Amino acid sequence: MCSNPSVRKVAIITGASSGIGKAVAIQLARDSYNLVLVALEAEALGAITRELASFPIDALSHQGDVTRAGEARQIADRTLGAFGRIDVLVNSAGYAVYGPFESMHLDDINGQMLTNYVGSVSLIKECLPHLKATKGAIINIASTAGFTGIPRLAGYSASKHAVVGFSEALTFELYGTGVSVSVIAPGKVKTNIFAHPSFKDVRWAHDDSGITPDVVARVIVKAIKKRRFLYVLPRSRRLALILKRMLPDGIVNRKMADR
């Protein structure tokens with residue numbers, strides 16, 4: 001335990017055992033945040049907790065499912081019990097299932113919406129009064145798929161569109177409270193999201209394209225400090241999203257169908 005944890009800011013990170021969540025945890029530990037690490041997999045969660053032991057901070061691990069009833073309240077209560085405050089909430093938990101909508105199971109579609117969207121909303125609901133007290137920051141990990149539908153990722157795209165729409169509405173509601181809401185919308189990130197069996201034969205999912213979680217984590221740290229609403233990365237994706245809105249539908253549909 002660090003000698004005086006009460007003076008440190010506190011961040012809750014979901015999906016903290018791998019990918020973007022893990023990279024954010026390391027970045028915020030370098031910035032002397034105390035951390036609450038939330039993830040499903042006990043072994044991976046233990047590994048990142050041990051890795052953070054080299055930093056002079058406190059890291060509390062919480063194995064749990066953010067979609068489960070009562071889980072968000074438990075996470076908030078444990079955080080307040082350990083540290084007495086919440087300054088940052090990073091909603092990074094999420095997954096994707098690849099395949100045509102027609103043949104996809106409804107359980108997979110609903111599961112993505114629950115994890116990628118509803119779990120984040122539940123945790124924000126529990127943490128918001130405490131974030132108001134610290135004039136804190138909410139970071140929601142979306143995707144460029146939250147702005148343009150991706151073929152054979154309809155369920156994932158829908159969940160990320162929900163994250164973007166909710167975040168924008170919440171930003172307006174929280175104006176003047178001191179709480180910021182930021183949406184991080186990366187393109188392809190090299191994480192184990194593509195380890196899902198549905199991506200087994202998808203070539204673009206396993207090539208060397210994309211950005212690393214560390215790149216996204218650095219942008220998240222910037223968002224916490226700068227408190228802007230939207231961060232699209234890499235920068236080249238911003239132009240692609242603008243062009244998508246401007247090009248005739250026929251051209252866009254043909255390009256997307258070829259993916």
# chains A, B, ... in the order shown; residues from 1 in each chain; ligands from 1

call {"tool": "closest_atom_pairs", "arguments": {"of": "range 176-253 of chain A", "to": "range 135-139 of chain A", "cutoff": "12 Å", "atoms": "only C-alpha atoms", "output": "JSON lines"}}
result
{"residue": "A:Gly176", "atom": "CA", "partner": "A:Lys135", "partner_atom": "CA", "distance": 10.0}
{"residue": "A:Thr177", "atom": "CA", "partner": "A:Lys135", "partner_atom": "CA", "distance": 7.0}
{"residue": "A:Gly178", "atom": "CA", "partner": "A:Lys135", "partner_atom": "CA", "distance": 4.6}
{"residue": "A:Val179", "atom": "CA", "partner": "A:Lys135", "partner_atom": "CA", "distance": 4.8}
{"residue": "A:Ser180", "atom": "CA", "partner": "A:Ala137", "partner_atom": "CA", "distance": 4.8}
{"residue": "A:Val181", "atom": "CA", "partner": "A:Ile138", "partner_atom": "CA", "distance": 4.7}
{"residue": "A:Ser182", "atom": "CA", "partner": "A:Ile139", "partner_atom": "CA", "distance": 4.9}
{"residue": "A:Val183", "atom": "CA", "partner": "A:Ile139", "partner_atom": "CA", "distance": 6.1}
{"residue": "A:Ile184", "atom": "CA", "partner": "A:Ile139", "partner_atom": "CA", "distance": 7.2}
{"residue": "A:Ala185", "atom": "CA", "partner": "A:Ile139", "partner_atom": "CA", "distance": 10.7}
{"residue": "A:Val216", "atom": "CA", "partner": "A:Ile139", "partner_atom": "CA", "distance": 11.8}
{"residue": "A:Ala217", "atom": "CA", "partner": "A:Ile139", "partner_atom": "CA", "distance": 11.0}
{"residue": "A:Val219", "atom": "CA", "partner": "A:Ile139", "partner_atom": "CA", "distance": 10.7}
{"residue": "A:Ile220", "atom": "CA", "partner": "A:Ile139", "partner_atom": "CA", "distance": 7.3}
{"residue": "A:Val221", "atom": "CA", "partner": "A:Ile139", "partner_atom": "CA", "distance": 9.6}
{"residue": "A:Lys222", "atom": "CA", "partner": "A:Ile139", "partner_atom": "CA", "distance": 10.9}
{"residue": "A:Ala223", "atom": "CA", "partner": "A:Ile139", "partner_atom": "CA", "distance": 7.8}
{"residue": "A:Ile224", "atom": "CA", "partner": "A:Ala137", "partner_atom": "CA", "distance": 6.0}
{"residue": "A:Lys225", "atom": "CA", "partner": "A:Ala137", "partner_atom": "CA", "distance": 8.7}
{"residue": "A:Lys226", "atom": "CA", "partner": "A:Ala137", "partner_atom": "CA", "distance": 10.1}
{"residue": "A:Arg227", "atom": "CA", "partner": "A:Ala137", "partner_atom": "CA", "distance": 7.4}
{"residue": "A:Arg228", "atom": "CA", "partner": "A:Ala137", "partner_atom": "CA", "distance": 10.3}
{"residue": "A:Phe229", "atom": "CA", "partner": "A:Ile139", "partner_atom": "CA", "distance": 9.2}
{"residue": "A:Leu230", "atom": "CA", "partner": "A:Ile139", "partner_atom": "CA", "distance": 10.0}
{"residue": "A:Tyr231", "atom": "CA", "partner": "A:Ile139", "partner_atom": "CA", "distance": 10.5}

call {"tool": "residues_around", "arguments": {"residues": "range 200-213 of chain A", "least_positions_apart": "2", "cutoff": "6 Å", "atoms": "only C-alpha atoms", "output": "ChimeraX atom specification"}}
result
/A:19-20,23,188-190,197-198,215-216

call {"tool": "closest_atom_pairs", "arguments": {"of": "range 44-133 of chain A", "to": "range 168-172 of chain A", "cutoff": "12 Å", "atoms": "only C-alpha atoms", "output": "Markdown table"}}
result
| residue | atom | partner | partner_atom | distance |
| --- | --- | --- | --- | --- |
| A:Val121 | CA | A:Leu170 | CA | 10.3 |
| A:Ile124 | CA | A:Leu170 | CA | 10.2 |
| A:Lys125 | CA | A:Leu170 | CA | 10.9 |
| A:Leu128 | CA | A:Leu170 | CA | 10.9 |

call {"tool": "select_by_dssp", "arguments": {"residues": "range 62-186 of chain A", "states": "alpha helix (DSSP H)", "output": "ChimeraX atom specification"}}
result
/A:71-83,106-113,119-134,154-173

call {"tool": "closest_atom_pairs", "arguments": {"of": "range 144-203 of chain A", "to": "range 88-104 of chain A", "cutoff": "7 Å", "atoms": "only C-alpha atoms", "output": "Markdown table"}}
result
| residue | atom | partner | partner_atom | distance |
| --- | --- | --- | --- | --- |
| A:Arg152 | CA | A:Gly99 | CA | 4.5 |
| A:Leu153 | CA | A:Tyr98 | CA | 5.4 |
| A:Ala154 | CA | A:Phe101 | CA | 6.5 |
| A:Tyr156 | CA | A:Ala96 | CA | 5.6 |
| A:Ile193 | CA | A:Tyr95 | CA | 5.8 |
| A:His196 | CA | A:Val97 | CA | 6.9 |
| A:Ser198 | CA | A:Tyr98 | CA | 5.2 |
| A:Phe199 | CA | A:Tyr98 | CA | 6.0 |

call {"tool": "write_last_selection", "arguments": {"atoms": "N, CA and C atoms", "output": "PDB file, in the first residue's frame"}}
result
ATOM      1  N   ARG A 152     -21.280  -7.348 -41.315  1.00  0.00           N
ATOM      2  CA  ARG A 152     -21.005  -8.547 -40.533  1.00  0.00           C
ATOM      3  C   ARG A 152     -20.545  -8.226 -39.110  1.00  0.00           C
ATOM      4  N   LEU A 153     -20.692  -6.966 -38.732  1.00  0.00           N
ATOM      5  CA  LEU A 153     -20.503  -6.542 -37.331  1.00  0.00           C
ATOM      6  C   LEU A 153     -21.698  -5.682 -36.917  1.00  0.00           C
ATOM      7  N   ALA A 154     -22.887  -6.100 -37.324  1.00  0.00           N
ATOM      8  CA  ALA A 154     -24.087  -5.296 -37.073  1.00  0.00           C
ATOM      9  C   ALA A 154     -24.353  -5.138 -35.585  1.00  0.00           C
ATOM     10  N   TYR A 156     -22.217  -5.406 -33.058  1.00  0.00           N
ATOM     11  CA  TYR A 156     -21.153  -4.582 -32.470  1.00  0.00           C
ATOM     12  C   TYR A 156     -21.354  -3.120 -32.848  1.00  0.00           C
ATOM     13  N   ILE A 193      -9.684  -8.861 -28.919  1.00  0.00           N
ATOM     14  CA  ILE A 193     -11.077  -8.870 -29.360  1.00  0.00           C
ATOM     15  C   ILE A 193     -11.251  -9.794 -30.560  1.00  0.00           C
ATOM     16  N   HIS A 196     -12.014 -14.006 -30.583  1.00  0.00           N
ATOM     17  CA  HIS A 196     -13.319 -14.672 -30.604  1.00  0.00           C
ATOM     18  C   HIS A 196     -13.378 -15.620 -31.804  1.00  0.00           C
ATOM     19  N   SER A 198     -15.457 -16.376 -33.935  1.00  0.00           N
ATOM     20  CA  SER A 198     -16.118 -15.902 -35.153  1.00  0.00           C
ATOM     21  C   SER A 198     -15.156 -15.185 -36.099  1.00  0.00           C
ATOM     22  N   PHE A 199     -13.989 -14.757 -35.596  1.00  0.00           N
ATOM     23  CA  PHE A 199     -13.002 -14.058 -36.428  1.00  0.00           C
ATOM     24  C   PHE A 199     -11.936 -15.008 -36.992  1.00  0.00           C
TER      25      PHE A 199
END

call {"tool": "atom_distance", "arguments": {"atom1": "CA of Leu40 in chain A", "atom2": "CA of Thr14 in chain A"}}
result
9.2 Å

call {"tool": "residues_around", "arguments": {"residues": "Ser54 in chain A", "least_positions_apart": "4", "cutoff": "10 Å", "atoms": "only C-alpha atoms", "output": "list in words"}}
result
Ala29, Thr49 and Arg50 of chain A

call {"tool": "write_last_selection", "arguments": {"atoms": "N, CA and C atoms", "output": "PDB file, in the first residue's frame"}}
result
ATOM      1  N   ALA A  29      -1.321   4.519 -13.748  1.00  0.00           N
ATOM      2  CA  ALA A  29      -0.417   4.223 -12.638  1.00  0.00           C
ATOM      3  C   ALA A  29       0.828   5.098 -12.717  1.00  0.00           C
ATOM      4  N   THR A  49      -2.614  -6.847 -11.895  1.00  0.00           N
ATOM      5  CA  THR A  49      -2.495  -6.318 -10.529  1.00  0.00           C
ATOM      6  C   THR A  49      -1.071  -6.486 -10.019  1.00  0.00           C
ATOM      7  N   ARG A  50      -0.466  -7.643 -10.289  1.00  0.00           N
ATOM      8  CA  ARG A  50       0.929  -7.869  -9.875  1.00  0.00           C
ATOM      9  C   ARG A  50       1.883  -6.957 -10.637  1.00  0.00           C
TER      10      ARG A  50
END

call {"tool": "residues_around", "arguments": {"residues": "Glu41 in chain A", "least_positions_apart": "6", "cutoff": "12 Å", "atoms": "only C-alpha atoms", "output": "PDB file with N, CA and C atoms, in the first residue's frame"}}
result
ATOM      1  N   THR A  14     -12.860  -0.669 -16.422  1.00  0.00           N
ATOM      2  CA  THR A  14     -13.421  -1.975 -16.759  1.00  0.00           C
ATOM      3  C   THR A  14     -12.657  -2.561 -17.944  1.00  0.00           C
ATOM      4  N   GLY A  15     -12.731  -3.883 -18.077  1.00  0.00           N
ATOM      5  CA  GLY A  15     -11.941  -4.540 -19.120  1.00  0.00           C
ATOM      6  C   GLY A  15     -10.459  -4.344 -18.897  1.00  0.00           C
ATOM      7  N   ALA A  16     -10.058  -4.313 -17.612  1.00  0.00           N
ATOM      8  CA  ALA A  16      -8.701  -3.884 -17.255  1.00  0.00           C
ATOM      9  C   ALA A  16      -7.639  -4.963 -17.386  1.00  0.00           C
ATOM     10  N   SER A  17      -8.022  -6.182 -17.692  1.00  0.00           N
ATOM     11  CA  SER A  17      -7.043  -7.271 -17.691  1.00  0.00           C
ATOM     12  C   SER A  17      -6.290  -7.421 -19.011  1.00  0.00           C
ATOM     13  N   SER A  18      -6.737  -6.713 -20.060  1.00  0.00           N
ATOM     14  CA  SER A  18      -6.065  -6.864 -21.360  1.00  0.00           C
ATOM     15  C   SER A  18      -6.382  -5.661 -22.241  1.00  0.00           C
ATOM     16  N   ALA A  47      -2.662 -10.952 -12.982  1.00  0.00           N
ATOM     17  CA  ALA A  47      -1.393 -10.631 -13.634  1.00  0.00           C
ATOM     18  C   ALA A  47      -1.187  -9.121 -13.744  1.00  0.00           C
ATOM     19  N   ILE A  48      -2.203  -8.381 -14.141  1.00  0.00           N
ATOM     20  CA  ILE A  48      -2.038  -6.933 -14.260  1.00  0.00           C
ATOM     21  C   ILE A  48      -1.920  -6.293 -12.876  1.00  0.00           C
ATOM     22  N   SER A  61      -8.366  -5.009  -7.224  1.00  0.00           N
ATOM     23  CA  SER A  61      -8.924  -5.799  -8.326  1.00  0.00           C
ATOM     24  C   SER A  61     -10.327  -6.277  -7.969  1.00  0.00           C
ATOM     25  N   HIS A  62     -11.194  -6.282  -8.977  1.00  0.00           N
ATOM     26  CA  HIS A  62     -12.578  -6.726  -8.793  1.00  0.00           C
ATOM     27  C   HIS A  62     -12.947  -7.635  -9.949  1.00  0.00           C
ATOM     28  N   GLN A  63     -13.052  -8.925  -9.666  1.00  0.00           N
ATOM     29  CA  GLN A  63     -13.473  -9.861 -10.697  1.00  0.00           C
ATOM     30  C   GLN A  63     -14.998  -9.863 -10.752  1.00  0.00           C
ATOM     31  N   GLY A  64     -15.539  -9.496 -11.889  1.00  0.00           N
ATOM     32  CA  GLY A  64     -16.985  -9.458 -12.001  1.00  0.00           C
ATOM     33  C   GLY A  64     -17.438  -9.092 -13.391  1.00  0.00           C
ATOM     34  N   ASP A  65     -18.744  -9.221 -13.609  1.00  0.00           N
ATOM     35  CA  ASP A  65     -19.376  -8.961 -14.900  1.00  0.00           C
ATOM     36  C   ASP A  65     -20.220  -7.697 -14.768  1.00  0.00           C
ATOM     37  N   ALA A  93     -14.648  -2.292 -21.097  1.00  0.00           N
ATOM     38  CA  ALA A  93     -15.077  -3.678 -21.307  1.00  0.00           C
ATOM     39  C   ALA A  93     -15.903  -3.787 -22.580  1.00  0.00           C
TER      40      ALA A  93
END

call {"tool": "closest_residue", "arguments": {"among": "A:Asp58, A:Glu43, A:Glu173, A:Asp31", "to": "Phe83 in chain A", "atoms": "only C-alpha atoms"}}
result
A:Asp58

call {"tool": "select_by_dssp", "arguments": {"residues": "range 177-242 of chain A", "states": "strand (DSSP E)", "output": "PyMOL selection string"}}
result
chain A and resi 180-186+230-233

call {"tool": "atom_distance", "arguments": {"atom1": "CA of Ser143 in chain A", "atom2": "CA of Lys22 in chain A"}}
result
17.5 Å

call {"tool": "closest_residue", "arguments": {"among": "A:Lys160, A:Leu28, A:Thr148, A:Val36", "to": "Gln74 in chain A", "atoms": "only C-alpha atoms"}}
result
A:Val36
